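Colleague: Below is a structure I'd like to ask you about.
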Amino acid sequence: MNIITVRRISQIFFFVLFIWFCIVSSFGEKWWQLRGWPVNWILQLDPLVALGTILTTRTLYAGLAWALLTMVLTVLLGRFFCGWLCPFGTIHQFFGWIGRRRKKFAERVAANQYRPAQAIKYYLLIGLLTAAAGDVFADFLHVARQWPMIPGLVFAIGLAALSFLAIRKVVPNLKKAVGVLVSLVGAWLAVGMFLHPEALFGVSLQTGWLDPIPLIHRSVNLVLLPIVDAAMGIRSTSPRFYVGAWTIGAVFLAAVLLNFLVPRFYCRFICPLGALFAVLSGLALWRVGKREGKCTDCELCENNCEGACEPFEKIRSSECLLCMNCLDACQQAQMTYSTARSAAGEVSGPNISRRGFIISAVVGVTGVPMLRLSGLLGANWQPRVVRPPGALAEEQFLERCLKCGQCMRVCPTNVIQPAMAEAGLEGLWTPVLNFRVGTSGCQLNCVACGQICPTAAIRPLILDEKLGRNKFASAGPIRMGLAFVDRSRCLPWVMDKPCIVCQENCPLSPKAIYVQERFSTVRDGVLTVKDATPTSVELCGVAWIPGQFATGDYFCKPASGGDEERRQIVECTANAVTIAAAKPWRVAPAPGSRVEIQVHLQQPKVDPRVCTGCGICEHECPVSGLRAIRVTAENETRNRKHSLLL
């Protein structure tokens, strides 16, 4: 079988598998819904996910151990993931093929020439990884204060060795590389002697912005599948909505459409995962190259080159995506895939400058502290940012969240939404709870989001822990926030309209929402009696809507004197009311006397000791604009500093 056919079969298989995993990331009971499918497997194969979380948390999660297999195979085979497995790469290759179909041969060759701007992806990788490595830098600085500590010294030596390998990629000359390393270490130690490293660095996992695997998960789960499902109604009982989905869709659409400008634009210029694979593939045993022999200079090998790695000249092995198009196109069989080096020579390693390397590293190191100068992790924290149940404290949460959208996709009520400006730039597209969207609030008996999160940014809960039952009873339930009644908008509080929707829908027992009862005279409700019987009162000067006061919430009582006990109104005409026959007037109001029409109000209040911030009350509130009861992050379990009560 032709190698190109094999590669296409592999791409189609993994793309279909990826789409299938997105489809089955649906909460439900059908066989094609969440039923033990390894829906995070493609994410777990991503070494940038594993490396980023190792740097931020110093932990390799069991599922992410799959990334080690990807790295080992890359060292053996080259960038096979990009050309054979990556679903985002498959999309780019397909649209790139469409874009160049009608182009002439010379135009195709020109489009596939290497461009210096392809180094951008390496600078992005450096910046994203240094932003994730703040704790590593801080530990290295601590060595200056705790030099006698043997573990710290070993750690520092290991870090220095890795730094030297990275510097050697940029500075080929050995003496200069050693000089750069010594200068950096000296400066680092000097800084560590006088400053507090923990105040200098922050740790934030921002690889999910551009890492193609979280990016395509986010795009398919939150944009493409909801559009398809809204038209077909297969996967969800009601249309699913995601706040700010247009920004996610715009990034995805731009990445796809740029293929018509330059084939595989994203892979060549932007993809930080591709940059990581490029670094690893520099060690690859197997590689594409030329055989010894006469080349006819036909340039067919560059006609459909996916990586712009210039196989016709000195091949840039780090840019080769193993598409194998050059092997298939070469009519003299000069191109080969073997352990031998290319006879025409190779350009090894990424083409990045020392200045670019330093600038990228500095931007990454300083970027996180700069983002946090707004104080969103401190005194200026945003109460609107309500995280899903089980979410870690905000700083630790941002060290783990990939922005992949898996928790949003699996949420059965569609209440988990991508954050926009409320969480700051650092929290863009991370999950927050929006209780106005979807079919309900956060259901008490649902822990799906924590079970699907690939990095435990939302830790997996069991129902007993979420609800504070059995062995978790002493800790109490997991609280996402606290509901507050806005009395300026609540119907019983400000408009004298009967409403207990929030109290009725509160799912807790005992209920977190209780009511304060009172009777209030309606506007223009003190009226003169025209005639009366023990069960009815005809009034002067009114023209009501029939049935207006017959809802069971309205009562009639004498304004003064006589039998002042309220009687419930059961029927209402344009100018008369009828009271319940079971409780007639002992003495009917006399003609000319005054009576009051009163409304029975149940004004809601929230008990902060019971409320978990599930948001069902906010979702069900009949005030359609800004809800009269709203949940904020006060009193959340994940941060004791946000506690409302002592």
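Following the order of the structure tokens, chains are lettered A, B, ..., residues in each are numbered from 1, and ligands are numbered from 1.
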Quick one: pick out all strand (DSSP E or B) residues within segment 319-381 of chain A from a backbone DSSP run and write them as number ranges by chain.

Modeller: A: 335-338, 346

Colleague: Work out how far apart atom CA of Thr70 of chain A and atom CA of Leu276 of chain A are and give it in Å to one decimal.

Modeller: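 Atom CA of Leu276 of chain A lies 11.5 Å from atom CA of Thr70 of chain A.
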
Colleague: Among segment 226-277 of chain A, which residues carry a DSSP assignment of alpha helix (DSSP H), reported as a PyMOL selection string?

Modeller: chain A and resi 226-232+245-257+265-269+272-277

Colleague: Would you mind exporting the chosen residues as a compact mmCIF listing (two decimals), in the first residue's frame, restricted to C-alpha atoms?

Modeller:
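Written file, selection_20.txt:
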# COMPACT_ATOMS: atom_id res chain seq x y z
CA PRO A 226 -23.47 23.21 19.27
CA ILE A 227 -24.14 24.73 15.83
CA VAL A 228 -24.70 21.30 14.30
CA ASP A 229 -26.78 20.10 17.22
CA ALA A 230 -28.98 23.21 17.20
CA ALA A 231 -29.94 22.27 13.64
CA MET A 232 -30.32 18.54 14.20
CA ALA A 245 -18.06 31.46 21.83
CA TRP A 246 -17.59 33.88 18.95
CA THR A 247 -14.03 34.60 20.14
CA ILE A 248 -13.22 30.88 20.17
CA GLY A 249 -14.83 30.45 16.77
CA ALA A 250 -12.97 33.47 15.38
CA VAL A 251 -9.59 32.04 16.40
CA PHE A 252 -10.46 28.66 14.93
CA LEU A 253 -11.83 30.15 11.70
CA ALA A 254 -8.82 32.43 11.28
CA ALA A 255 -6.44 29.50 11.75
CA VAL A 256 -8.31 27.48 9.12
CA LEU A 257 -8.69 30.27 6.56
CA PHE A 265 0.01 28.34 8.25
CA TYR A 266 -0.76 27.54 11.88
CA CYS A 267 1.52 24.50 11.94
CA ARG A 268 4.41 26.36 10.36
CA PHE A 269 4.27 29.68 12.20
CA PRO A 272 3.90 25.66 20.12
CA LEU A 273 3.31 21.91 20.23
CA GLY A 274 4.87 21.66 16.77
CA ALA A 275 7.83 23.64 18.10
CA LEU A 276 8.24 21.16 20.95
CA PHE A 277 8.10 18.26 18.51

Colleague: Using only C-alpha atoms, which residues sit within 7 Å of Val599 of chain A once same-chain residues fewer than 3 positions away are excluded, as a ChimeraX atom specification?

Modeller: /A:519-522,553-555

Colleague: Tell me which of A:Ile500, A:Val529, A:Cys611, A:Val494 sits closest to Met480 of chain A, counting only C-alpha atoms.

Modeller: A:Cys611

Colleague: Just give me the gap between atom CA of Gly244 of chain A and atom CA of Pro418 of chain A in Å, one decimal is fine.

Modeller: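 That distance, rounded to one decimal, is 7.0 Å.
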
Colleague: Set the distance at 7 Å and use only C-alpha atoms: which residues neighbour segment 627-637 of chain A once local chain neighbours fewer than 6 positions away are removed? I'd like the list as a ChimeraX atom specification.

Modeller: /A:383-386,478-486,489-490,613,615,617-618,621,643-644
